[in-house]
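Dumped entry_16.cif below, it's mmCIF, C-alpha atoms:
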```cif
data_structure
#
loop_
_atom_site.label_atom_id
_atom_site.label_comp_id
_atom_site.auth_asym_id
_atom_site.auth_seq_id
_atom_site.Cartn_x
_atom_site.Cartn_y
_atom_site.Cartn_z
CA MET A 1158 -72.44 63.46 254.90
CA ILE A 1159 -70.89 66.73 253.84
CA CYS A 1160 -67.38 66.34 252.47
CA ILE A 1161 -64.74 68.74 251.23
CA ARG A 1162 -61.80 67.89 249.05
CA ALA A 1163 -59.32 70.65 248.37
CA LEU A 1164 -56.15 70.32 246.32
CA VAL A 1165 -54.08 73.45 246.54
CA GLY A 1166 -50.97 74.25 244.55
CA LEU A 1167 -48.67 77.26 244.80
CA CYS A 1168 -50.18 79.74 242.39
CA ILE A 1169 -52.37 82.71 243.23
CA LEU A 1170 -54.30 85.40 241.40
CA GLN A 1171 -54.96 88.80 242.96
CA VAL A 1172 -58.27 88.70 244.83
CA ALA A 1173 -60.39 91.41 246.42
CA VAL A 1174 -62.41 90.58 249.52
CA SER A 1175 -65.19 92.82 250.80
CA GLY A 1176 -64.72 92.00 254.49
CA GLN A 1177 -62.26 90.80 257.08
CA SER A 1178 -64.36 87.94 258.47
CA VAL A 1179 -63.08 85.58 255.77
CA SER A 1180 -59.56 86.41 256.91
CA LYS A 1181 -60.46 85.72 260.53
CA SER A 1182 -62.12 82.43 259.60
CA SER A 1183 -59.11 81.23 257.60
CA GLU A 1184 -56.70 82.19 260.40
CA THR A 1185 -58.87 80.42 263.00
CA LEU A 1186 -58.86 77.23 260.94
CA THR A 1187 -55.11 77.58 260.34
CA GLY A 1188 -54.55 77.35 264.08
CA LEU A 1189 -56.99 74.45 264.50
CA PHE A 1190 -55.49 72.40 261.66
CA LEU A 1191 -51.91 72.88 262.83
CA LYS A 1192 -52.77 72.34 266.50
CA ALA A 1193 -54.29 68.97 265.60
CA THR A 1194 -50.81 67.82 264.50
CA SER A 1195 -49.02 69.22 267.55
CA GLY A 1196 -46.22 67.00 268.77
CA GLU A 1197 -46.20 64.85 265.63
CA ASN A 1198 -43.24 64.99 263.26
CA PHE A 1199 -44.48 64.59 259.70
CA ASN A 1200 -45.15 66.77 256.68
CA TYR A 1201 -48.60 68.33 256.85
CA VAL A 1202 -50.56 70.76 254.68
CA SER A 1203 -54.07 72.18 254.98
CA ALA A 1204 -56.31 74.57 253.04
CA PRO A 1205 -57.87 76.95 255.61
CA PHE A 1206 -59.73 79.16 253.12
CA ALA A 1207 -61.34 76.16 251.42
CA GLY A 1208 -62.26 74.77 254.83
CA SER A 1209 -63.83 78.05 255.94
CA ALA A 1210 -65.89 78.24 252.76
CA ILE A 1211 -67.39 74.80 253.21
CA LEU A 1212 -68.15 75.38 256.91
CA ALA A 1213 -69.74 78.75 256.08
CA LEU A 1214 -71.99 77.06 253.52
CA ALA A 1215 -72.96 74.43 256.12
CA ALA A 1216 -73.70 77.21 258.63
CA GLU A 1217 -76.03 78.84 256.10
CA GLY A 1218 -78.16 75.69 256.26
CA ALA A 1219 -78.05 75.33 260.04
CA GLU A 1220 -80.11 76.70 262.92
CA ALA A 1221 -79.92 76.99 266.72
CA GLY A 1222 -76.90 75.45 268.48
CA THR A 1223 -75.69 73.78 265.30
CA LYS A 1224 -75.29 77.15 263.62
CA SER A 1225 -73.79 78.93 266.63
CA GLN A 1226 -71.10 76.27 267.03
CA LEU A 1227 -70.13 76.58 263.38
CA ILE A 1228 -70.02 80.38 263.63
CA ASP A 1229 -67.79 80.13 266.69
CA VAL A 1230 -65.25 78.02 264.80
CA LEU A 1231 -65.37 80.54 261.93
CA GLY A 1232 -64.10 83.22 264.30
CA GLY A 1233 -67.38 84.37 265.88
CA GLU A 1234 -68.95 85.79 262.74
CA LEU A 1235 -70.45 84.20 259.64
CA PRO A 1236 -68.45 85.62 256.72
CA ASP A 1237 -70.39 87.67 254.20
CA LYS A 1238 -71.52 85.29 251.47
CA ASN A 1239 -70.67 87.93 248.88
CA SER A 1240 -67.04 87.82 250.01
CA TYR A 1241 -66.79 84.16 249.09
CA LYS A 1242 -68.47 84.82 245.76
CA GLU A 1243 -66.03 87.63 244.97
CA MET A 1244 -63.08 85.47 245.92
CA PHE A 1245 -64.24 82.37 244.06
CA THR A 1246 -65.08 84.45 240.98
CA SER A 1247 -61.66 86.13 241.03
CA ILE A 1248 -59.90 82.80 241.46
CA LYS A 1249 -61.79 81.28 238.54
CA GLY A 1250 -61.01 84.20 236.25
CA TYR A 1251 -58.02 83.79 233.95
CA PRO A 1252 -55.92 86.90 233.25
CA SER A 1253 -55.96 88.18 229.69
CA ASP A 1254 -52.21 88.86 229.73
CA GLY A 1255 -50.61 86.17 227.60
CA ASN A 1256 -47.51 86.21 229.80
CA TRP A 1257 -49.43 84.89 232.77
CA LYS A 1258 -49.32 81.13 232.71
CA ASN A 1259 -51.40 80.38 235.77
CA LYS A 1260 -53.37 77.18 235.97
CA VAL A 1261 -56.51 77.58 238.03
CA VAL A 1262 -59.06 74.88 238.81
CA LEU A 1263 -62.12 75.35 241.00
CA LYS A 1264 -64.81 72.67 241.22
CA ASN A 1265 -67.73 72.91 243.63
CA PHE A 1266 -70.55 70.37 243.64
CA LEU A 1267 -73.33 69.57 246.08
CA TYR A 1268 -74.47 66.00 245.46
CA VAL A 1269 -77.92 65.11 246.79
CA TYR A 1270 -78.53 61.39 246.83
CA LYS A 1271 -81.84 60.29 245.36
CA ASN A 1272 -84.38 59.71 248.18
CA TYR A 1273 -83.21 62.93 249.86
CA SER A 1274 -83.69 66.58 248.98
CA VAL A 1275 -82.23 70.03 249.51
CA LEU A 1276 -84.44 73.07 249.93
CA GLU A 1277 -84.47 75.14 246.76
CA SER A 1278 -83.61 78.29 248.73
CA PHE A 1279 -80.41 76.64 249.99
CA ALA A 1280 -79.61 75.23 246.55
CA GLU A 1281 -79.96 78.70 245.05
CA LEU A 1282 -77.71 80.14 247.77
CA ALA A 1283 -75.09 77.47 247.05
CA ARG A 1284 -75.19 78.18 243.31
CA GLU A 1285 -75.29 81.96 243.54
CA ASN A 1286 -72.93 82.78 246.39
CA TYR A 1287 -70.67 79.75 246.68
CA LEU A 1288 -70.59 78.90 242.95
CA THR A 1289 -71.61 75.36 243.87
CA GLU A 1290 -73.52 73.21 241.39
CA VAL A 1291 -76.32 71.17 242.95
CA LYS A 1292 -76.96 67.71 241.48
CA SER A 1293 -79.27 64.81 242.29
CA VAL A 1294 -77.25 61.62 241.91
CA THR A 1295 -77.13 57.97 242.81
CA ARG A 1296 -74.82 57.17 245.67
CA PRO A 1297 -71.23 57.36 244.28
CA ASN A 1298 -68.18 55.34 245.21
CA LEU A 1299 -66.60 57.54 247.86
CA GLU A 1300 -63.27 55.80 248.23
CA ILE A 1301 -60.68 58.57 248.31
CA PRO A 1302 -57.08 57.35 248.09
CA GLY A 1303 -54.63 58.60 250.71
CA THR A 1304 -51.91 60.89 249.40
CA ALA A 1305 -49.25 60.70 252.10
CA GLU A 1306 -47.84 57.98 254.28
CA ASP A 1307 -48.91 59.85 257.40
CA THR A 1308 -52.54 60.07 256.28
CA SER A 1309 -54.81 58.02 258.47
CA ALA A 1310 -58.17 58.62 256.78
CA SER A 1311 -59.70 55.30 255.81
CA ASP A 1312 -62.21 54.28 253.20
CA THR A 1313 -64.58 53.20 255.94
CA ALA A 1314 -64.90 56.82 257.01
CA PHE A 1315 -67.61 57.17 254.37
CA LYS A 1316 -70.70 55.52 255.77
CA GLU A 1317 -74.34 55.82 254.78
CA HIS A 1318 -75.28 59.43 254.31
CA ALA A 1319 -77.56 61.63 252.28
CA MET A 1320 -75.44 64.38 250.85
CA LEU A 1321 -71.91 65.25 249.80
CA ILE A 1322 -70.38 68.66 249.17
CA PHE A 1323 -67.31 68.41 246.96
CA ASN A 1324 -64.94 71.39 246.94
CA GLY A 1325 -61.95 71.06 244.63
CA PHE A 1326 -59.48 73.92 244.71
CA SER A 1327 -56.22 74.00 242.74
CA LEU A 1328 -54.04 76.98 241.90
CA GLU A 1329 -50.62 76.56 240.31
CA MET A 1330 -47.85 78.82 239.05
CA SER A 1331 -44.20 78.35 238.17
CA TRP A 1332 -41.40 80.16 239.92
CA PRO A 1333 -39.07 81.62 237.24
CA THR A 1334 -35.56 80.36 236.71
CA SER A 1335 -34.83 83.93 235.60
CA THR A 1336 -35.36 85.08 239.21
CA TRP A 1337 -34.46 81.99 241.23
CA HIS A 1338 -31.67 79.54 240.49
CA ARG A 1339 -31.62 75.80 241.02
CA THR A 1340 -29.25 74.58 243.72
CA SER A 1341 -29.06 72.01 246.51
CA LEU A 1342 -28.67 71.96 250.27
CA SER A 1343 -27.91 69.49 253.04
CA TRP A 1344 -30.89 68.36 255.10
CA ASN A 1345 -30.06 66.03 257.98
CA GLY A 1346 -27.01 64.77 256.12
CA ASN A 1347 -28.84 64.25 252.82
CA VAL A 1348 -28.43 66.40 249.72
CA VAL A 1349 -31.83 67.68 248.55
CA ARG A 1350 -32.95 69.71 245.56
CA ALA A 1351 -33.36 73.42 246.35
CA PHE A 1352 -33.67 76.88 244.81
CA GLY A 1353 -32.28 80.23 245.88
CA ALA A 1354 -32.02 83.93 245.13
CA ALA A 1355 -30.31 87.13 246.24
CA GLY A 1356 -32.54 90.15 246.72
CA ASN A 1357 -34.52 92.27 249.15
CA PHE A 1358 -36.75 90.21 251.43
CA ALA A 1359 -38.96 91.01 254.42
CA ILE A 1360 -37.16 89.27 257.30
CA GLY A 1361 -37.51 89.38 261.08
CA GLN A 1362 -36.68 87.55 264.29
CA ILE A 1363 -39.05 86.30 267.00
CA PRO A 1364 -36.81 86.03 270.08
CA LEU A 1365 -39.50 84.45 272.28
CA LEU A 1366 -39.90 81.66 269.72
CA ASP A 1367 -36.21 81.54 268.77
CA SER A 1368 -37.27 81.66 265.11
CA THR A 1369 -36.59 83.54 261.89
CA VAL A 1370 -39.59 84.70 259.87
CA PHE A 1371 -39.48 85.82 256.24
CA GLN A 1372 -41.77 86.39 253.27
CA LEU A 1373 -41.34 85.31 249.66
CA PRO A 1374 -43.72 87.61 247.72
CA TYR A 1375 -45.48 86.87 244.47
CA LYS A 1376 -44.69 89.50 241.88
CA ASN A 1377 -47.46 92.03 241.14
CA THR A 1378 -49.80 90.55 243.76
CA ASP A 1379 -50.65 90.90 247.44
CA TYR A 1380 -49.68 87.27 248.05
CA ALA A 1381 -46.65 85.83 249.80
CA LEU A 1382 -45.31 82.57 251.14
CA LEU A 1383 -44.56 83.11 254.83
CA VAL A 1384 -41.86 80.86 256.32
CA ILE A 1385 -41.31 80.41 260.08
CA LEU A 1386 -37.92 78.80 260.65
CA PRO A 1387 -36.76 77.69 264.14
CA LYS A 1388 -33.08 78.51 264.64
CA SER A 1389 -32.20 75.18 266.23
CA LYS A 1390 -31.87 72.01 264.18
CA GLU A 1391 -31.73 69.70 267.16
CA SER A 1392 -34.34 70.97 269.62
CA TYR A 1393 -37.38 72.66 268.13
CA SER A 1394 -41.09 72.66 268.82
CA PHE A 1395 -43.87 74.11 266.72
CA ASP A 1396 -46.27 74.16 269.67
CA GLU A 1397 -45.34 77.68 270.81
CA ILE A 1398 -45.47 78.96 267.23
CA ILE A 1399 -48.93 77.47 266.74
CA GLU A 1400 -50.08 78.97 270.05
CA LYS A 1401 -48.84 82.42 268.99
CA LEU A 1402 -50.53 82.09 265.60
CA GLN A 1403 -53.81 81.21 267.29
CA LYS A 1404 -53.50 84.08 269.76
CA ASP A 1405 -52.12 86.91 267.62
CA GLY A 1406 -52.57 85.93 263.99
CA ILE A 1407 -50.22 86.36 261.05
CA LYS A 1408 -50.50 90.16 261.01
CA GLU A 1409 -49.05 90.46 264.51
CA LEU A 1410 -46.43 87.83 263.77
CA THR A 1411 -45.15 89.75 260.73
CA LYS A 1412 -45.49 93.38 261.88
CA ASN A 1413 -41.78 93.72 262.67
CA LEU A 1414 -40.46 92.29 259.41
CA VAL A 1415 -37.92 94.58 257.72
CA MET A 1416 -36.92 94.67 254.06
CA LYS A 1417 -33.22 93.87 253.78
CA PRO A 1418 -30.73 92.40 251.28
CA ALA A 1419 -30.33 88.67 251.80
CA PHE A 1420 -29.58 85.31 250.26
CA VAL A 1421 -32.50 82.88 250.62
CA THR A 1422 -32.23 79.16 249.89
CA MET A 1423 -35.33 76.93 250.09
CA PRO A 1424 -35.76 73.18 249.56
CA CYS A 1425 -38.09 71.95 246.82
CA PHE A 1426 -40.90 69.95 248.36
CA HIS A 1427 -44.37 68.62 247.83
CA SER A 1428 -46.82 67.57 250.50
CA SER A 1429 -50.38 66.25 250.49
CA ASN A 1430 -52.74 65.11 253.21
CA ILE A 1431 -56.27 64.02 253.87
CA THR A 1432 -57.64 65.54 257.07
CA SER A 1433 -60.74 64.40 258.92
CA MET A 1434 -62.09 67.77 259.98
CA LYS A 1435 -64.67 66.03 262.17
CA THR A 1436 -61.95 64.98 264.59
CA VAL A 1437 -60.34 68.43 264.52
CA LEU A 1438 -63.63 70.26 265.06
CA GLN A 1439 -64.89 68.00 267.82
CA GLU A 1440 -61.66 67.77 269.81
CA THR A 1441 -60.18 71.25 269.42
CA ALA A 1442 -63.21 73.48 268.76
CA GLN A 1443 -66.08 71.75 270.58
CA VAL A 1444 -68.19 71.57 267.42
CA LYS A 1445 -70.41 68.59 268.19
CA ASP A 1446 -74.09 69.19 267.38
CA ILE A 1447 -73.77 68.99 263.60
CA PHE A 1448 -72.25 65.50 263.89
CA SER A 1449 -75.07 64.17 266.10
CA ASP A 1450 -78.14 62.52 264.58
CA SER A 1451 -80.16 63.72 267.58
CA ALA A 1452 -78.79 67.27 267.97
CA ALA A 1453 -78.08 68.44 264.41
CA ASP A 1454 -80.40 71.14 263.08
CA LEU A 1455 -79.92 71.58 259.33
CA SER A 1456 -83.52 72.66 258.76
CA LYS A 1457 -82.54 75.53 256.44
CA LEU A 1458 -80.71 73.04 254.24
CA SER A 1459 -83.23 70.20 253.97
CA SER A 1460 -86.62 69.07 255.24
CA ASP A 1461 -85.02 65.67 255.90
CA ASN A 1462 -83.39 65.07 259.28
CA LEU A 1463 -79.78 65.21 258.15
CA TYR A 1464 -76.60 65.35 260.18
CA LEU A 1465 -72.95 65.62 259.23
CA ASP A 1466 -71.04 62.34 259.12
CA ASP A 1467 -67.63 63.89 258.49
CA VAL A 1468 -65.86 66.71 256.70
CA VAL A 1469 -62.87 65.42 254.77
CA GLN A 1470 -60.35 67.80 253.29
CA GLN A 1471 -57.70 66.84 250.78
CA ALA A 1472 -54.98 69.44 250.37
CA GLY A 1473 -51.66 69.50 248.56
CA VAL A 1474 -48.81 71.91 247.94
CA ARG A 1475 -45.78 71.95 245.61
CA VAL A 1476 -42.88 74.37 246.04
CA CYS A 1477 -40.02 74.71 243.55
CA ILE A 1478 -39.02 76.62 240.42
CA ASP A 1479 -39.72 75.74 236.84
CA GLY A 1480 -40.28 77.60 233.61
CA ALA A 1481 -40.51 81.35 233.21
CA THR A 1482 -43.36 83.79 233.75
CA SER A 1483 -43.68 87.44 234.67
CA TYR A 1484 -46.36 86.66 237.25
CA SER A 1485 -44.37 84.81 239.83
CA LEU A 1486 -42.80 84.65 243.24
CA THR A 1487 -39.80 86.94 243.35
CA SER A 1488 -37.64 89.08 245.57
CA SER A 1489 -38.64 92.75 245.39
CA ALA A 1490 -35.36 93.89 243.86
CA PHE A 1491 -31.98 92.42 243.13
CA THR A 1492 -29.02 93.73 245.08
CA ALA A 1493 -25.28 93.73 244.50
CA GLN A 1494 -23.84 90.77 246.38
CA ARG A 1495 -21.29 92.94 248.18
CA VAL A 1496 -24.03 94.63 250.24
CA ILE A 1497 -25.72 91.38 251.29
CA LYS A 1498 -24.84 90.48 254.86
CA GLU A 1499 -27.67 88.10 255.76
CA SER A 1500 -28.23 84.56 254.56
CA VAL A 1501 -31.24 82.36 255.31
CA VAL A 1502 -30.79 78.67 254.52
CA VAL A 1503 -33.90 76.59 255.15
CA ASP A 1504 -32.21 73.30 256.03
CA ARG A 1505 -34.38 72.18 258.96
CA PRO A 1506 -38.09 71.72 259.77
CA PHE A 1507 -40.25 74.83 259.33
CA MET A 1508 -43.84 76.06 259.14
CA TYR A 1509 -45.34 77.97 256.24
CA ALA A 1510 -48.46 79.78 255.05
CA LEU A 1511 -49.45 81.08 251.65
CA TYR A 1512 -51.65 84.10 252.31
CA ASN A 1513 -52.90 87.46 251.08
CA VAL A 1514 -50.75 90.07 252.82
CA ALA A 1515 -53.37 92.81 252.28
CA ASN A 1516 -56.37 91.08 253.84
CA GLY A 1517 -54.85 88.15 255.74
CA VAL A 1518 -56.77 85.33 254.02
CA VAL A 1519 -54.78 82.09 254.40
CA PHE A 1520 -54.99 79.70 251.45
CA VAL A 1521 -52.39 77.13 252.49
CA ALA A 1522 -50.83 76.39 255.87
CA GLY A 1523 -48.56 73.56 256.86
CA LYS A 1524 -45.31 72.30 258.29
CA LEU A 1525 -42.41 70.45 256.74
CA ASP A 1526 -40.46 67.84 258.69
CA ARG A 1527 -38.42 66.65 255.71
CA PRO A 1528 -38.54 67.68 252.04
CA VAL A 1529 -39.92 65.14 249.58
CA TRP A 1530 -39.44 65.72 245.86
CA GLU A 1531 -39.08 63.58 242.75
CA GLU A 1532 -37.83 64.87 239.42
CA THR A 1533 -40.66 63.09 237.61
CA ASP A 1534 -43.17 65.15 239.60
CA ASP A 1535 -42.43 68.16 237.38
CA ALA A 1536 -44.55 66.65 234.64
CA VAL A 1537 -47.42 65.46 236.80
CA ASP A 1538 -50.83 66.84 235.88
CA SER A 1539 -52.32 68.12 239.11
CA ASP A 1540 -55.90 68.63 238.02
CA ILE A 1541 -58.36 67.79 240.75
CA GLU A 1542 -59.65 64.26 240.49
CA THR A 1543 -63.43 64.41 240.68
CA ILE A 1544 -65.59 61.66 242.09
CA LYS A 1545 -66.93 59.47 239.29
CA LEU A 1546 -70.70 59.15 239.36
#
```
In structure tokens, how does this file's structure come out?
Amino acid sequence: MICIRALVGLCILQVAVSGQSVSKSSETLTGLFLKATSGENFNYVSAPFAGSAILALAAEGAEAGTKSQLIDVLGGELPDKNSYKEMFTSIKGYPSDGNWKNKVVLKNFLYVYKNYSVLESFAELARENYLTEVKSVTRPNLEIPGTAEDTSASDTAFKEHAMLIFNGFSLEMSWPTSTWHRTSLSWNGNVVRAFGAAGNFAIGQIPLLDSTVFQLPYKNTDYALLVILPKSKESYSFDEIIEKLQKDGIKELTKNLVMKPAFVTMPCFHSSNITSMKTVLQETAQVKDIFSDSAADLSKLSSDNLYLDDVVQQAGVRVCIDGATSYSLTSSAFTAQRVIKESVVVDRPFMYALYNVANGVVFVAGKLDRPVWEETDDAVDSDIETIKL
């Protein structure tokens, strides 16, 4: 079995990518992940970039139809392995500026269970280009606890298998109280914790989707949190938004955004999910060979006849303000309140994506049906929990 666990928090470093195929792969998976939850009303979050990295590594070890199906789901092109290395290396690097208080965790392991083997050429590729440590281990306890009430992944999903790829990805950063203020808003008749600011924001309307779209940029970076907010509280559907994302991508969706003075109020929320990517890939992308013991061709990965049992992704996101740092999400400039004529209050279900505006790579994508937040969560240590061997 090949497995991915990704825990993603809201904190990003500036990253350079040498090609656009990583962007295309992350956008393709964004659409697939969100489409899999179409018609279901619950909080959901996914990590498209982490998912594309693990599928690209699997494709490196595949041949024939197994490889072509994986490449198709990655957008029709296998991303340049050097792009992932550049991105992973940049993410792992801590800034030297003492004012930057970013917490970055990246853990990649390829566990080979004793009695099975991985070709040294593939192991070297994993280490060199995907910063993945290869280990020979006894079979670990693979029970992964669910992290949300809507998560349906079960412990029995982990059956007998020969290999596990663990990808842990966590990036966190505070939003400054010096820029954003704490407040509250009414959500479906309930008062929920929120934060807000007055400033210049990129805002636009999508008449065909009856939605407002706006960006919350991270200061001194190319990153932003994109929010897609249906105008109606009573009758809304994310299906058309997901369809447009799959067809046109984020770049097309945001091309008509205009910088303007506005008040923005957002709810604090956290969301975490475990996604069985096997179900998503088989049902929405027709990726089947790699999951078949008779059709899978992973001959560039191992001389053993391996196939993929499942790909499990754990992703999480936390959105609020706390502390103070100069490297943070902020409006581009503060504006006198008398000139502000537009107000955006996020008090109903919405979709979101944390992405690199310059190259389009999507790190986090999800939807929020109702905000969940506990004051005690502020002190929770969100390091990735590794599998104990």
Write out as a VMD selection string the residues lying within 9 Å of A:Val1421, counting all atoms listed in the file and excluding same-chain residues fewer than 3 positions away. chain A and resid 1352 to 1356 1358 1499 to 1503
Kindly resolve the PyMOL selection byres ((chain A and resi 1209) around 9) on the present coordinates and return the residues as a PyMOL selection string. chain A and resi 1179+1182-1183+1185-1186+1204-1208+1210-1214+1230-1231+1236
Apply the PyMOL selection byres ((chain A and resi 1394) around 12) to the displayed file and report the matching residues as a ChimeraX atom specification. /A:1192,1194-1198,1366-1368,1385-1393,1395-1400,1505-1508,1524,1526
Next, dump the selected residues to file, keeping only C-alpha atoms, as a compact mmCIF listing (two decimals), in the coordinates of the input.
```txt
# COMPACT_ATOMS: atom_id res chain seq x y z
CA LYS A 1192 -52.77 72.34 266.50
CA THR A 1194 -50.81 67.82 264.50
CA SER A 1195 -49.02 69.22 267.55
CA GLY A 1196 -46.22 67.00 268.77
CA GLU A 1197 -46.20 64.85 265.63
CA ASN A 1198 -43.24 64.99 263.26
CA LEU A 1366 -39.90 81.66 269.72
CA ASP A 1367 -36.21 81.54 268.77
CA SER A 1368 -37.27 81.66 265.11
CA ILE A 1385 -41.31 80.41 260.08
CA LEU A 1386 -37.92 78.80 260.65
CA PRO A 1387 -36.76 77.69 264.14
CA LYS A 1388 -33.08 78.51 264.64
CA SER A 1389 -32.20 75.18 266.23
CA LYS A 1390 -31.87 72.01 264.18
CA GLU A 1391 -31.73 69.70 267.16
CA SER A 1392 -34.34 70.97 269.62
CA TYR A 1393 -37.38 72.66 268.13
CA PHE A 1395 -43.87 74.11 266.72
CA ASP A 1396 -46.27 74.16 269.67
CA GLU A 1397 -45.34 77.68 270.81
CA ILE A 1398 -45.47 78.96 267.23
CA ILE A 1399 -48.93 77.47 266.74
CA GLU A 1400 -50.08 78.97 270.05
CA ARG A 1505 -34.38 72.18 258.96
CA PRO A 1506 -38.09 71.72 259.77
CA PHE A 1507 -40.25 74.83 259.33
CA MET A 1508 -43.84 76.06 259.14
CA LYS A 1524 -45.31 72.30 258.29
CA ASP A 1526 -40.46 67.84 258.69
```
Atomic distance atom CA of A:Val1269 - atom CA of A:Gln1226, expressed in Å with one decimal: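 Taking atom CA of A:Val1269 as the start and atom CA of A:Gln1226 as the end point, the length is 24.1 Å.
Excluding stretch 1459-1464 of chain A and any residue on its chain fewer than 6 positions from it, the residues at most 6 Å away by all atoms listed in the file are Val1275, Leu1276, Ile1447, Phe1448, Asp1450 and Ala1453 of chain A.
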How would the residues just picked look written out with C-alpha atoms as a short mmCIF file (atom, residue, chain, number, x, y, z; two decimals), in the frame of the given file?
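Final output, part28.cif:
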```
data_model
loop_
_atom_site.label_atom_id
_atom_site.label_comp_id
_atom_site.auth_asym_id
_atom_site.auth_seq_id
_atom_site.Cartn_x
_atom_site.Cartn_y
_atom_site.Cartn_z
CA VAL A 1275 -82.23 70.03 249.51
CA LEU A 1276 -84.44 73.07 249.93
CA ILE A 1447 -73.77 68.99 263.60
CA PHE A 1448 -72.25 65.50 263.89
CA ASP A 1450 -78.14 62.52 264.58
CA ALA A 1453 -78.08 68.44 264.41
#
```
Can you give me, as a ChimeraX atom specification, the residues this file yields under the PyMOL selection byres ((chain A and resi 1224) around 12)? /A:1212-1223,1225-1231,1233-1235,1444-1447,1452-1458
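Residue nearest A:Val1474, chosen from A:Ser1203, A:Ser1274, A:Asn1239, A:Thr1187 and counting only C-alpha atoms: A:Ser1203.
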Draw an axis-aligned box tight on the listed atoms of stretch 1461-1473 of chain A, then pad every side by 8 Å and write out centre and edge lengths in Å to one decimal as JSON.
```
{"center_x": -68.3, "center_y": 65.9, "center_z": 254.4, "size_x": 49.4, "size_y": 23.2, "size_z": 27.6}
```
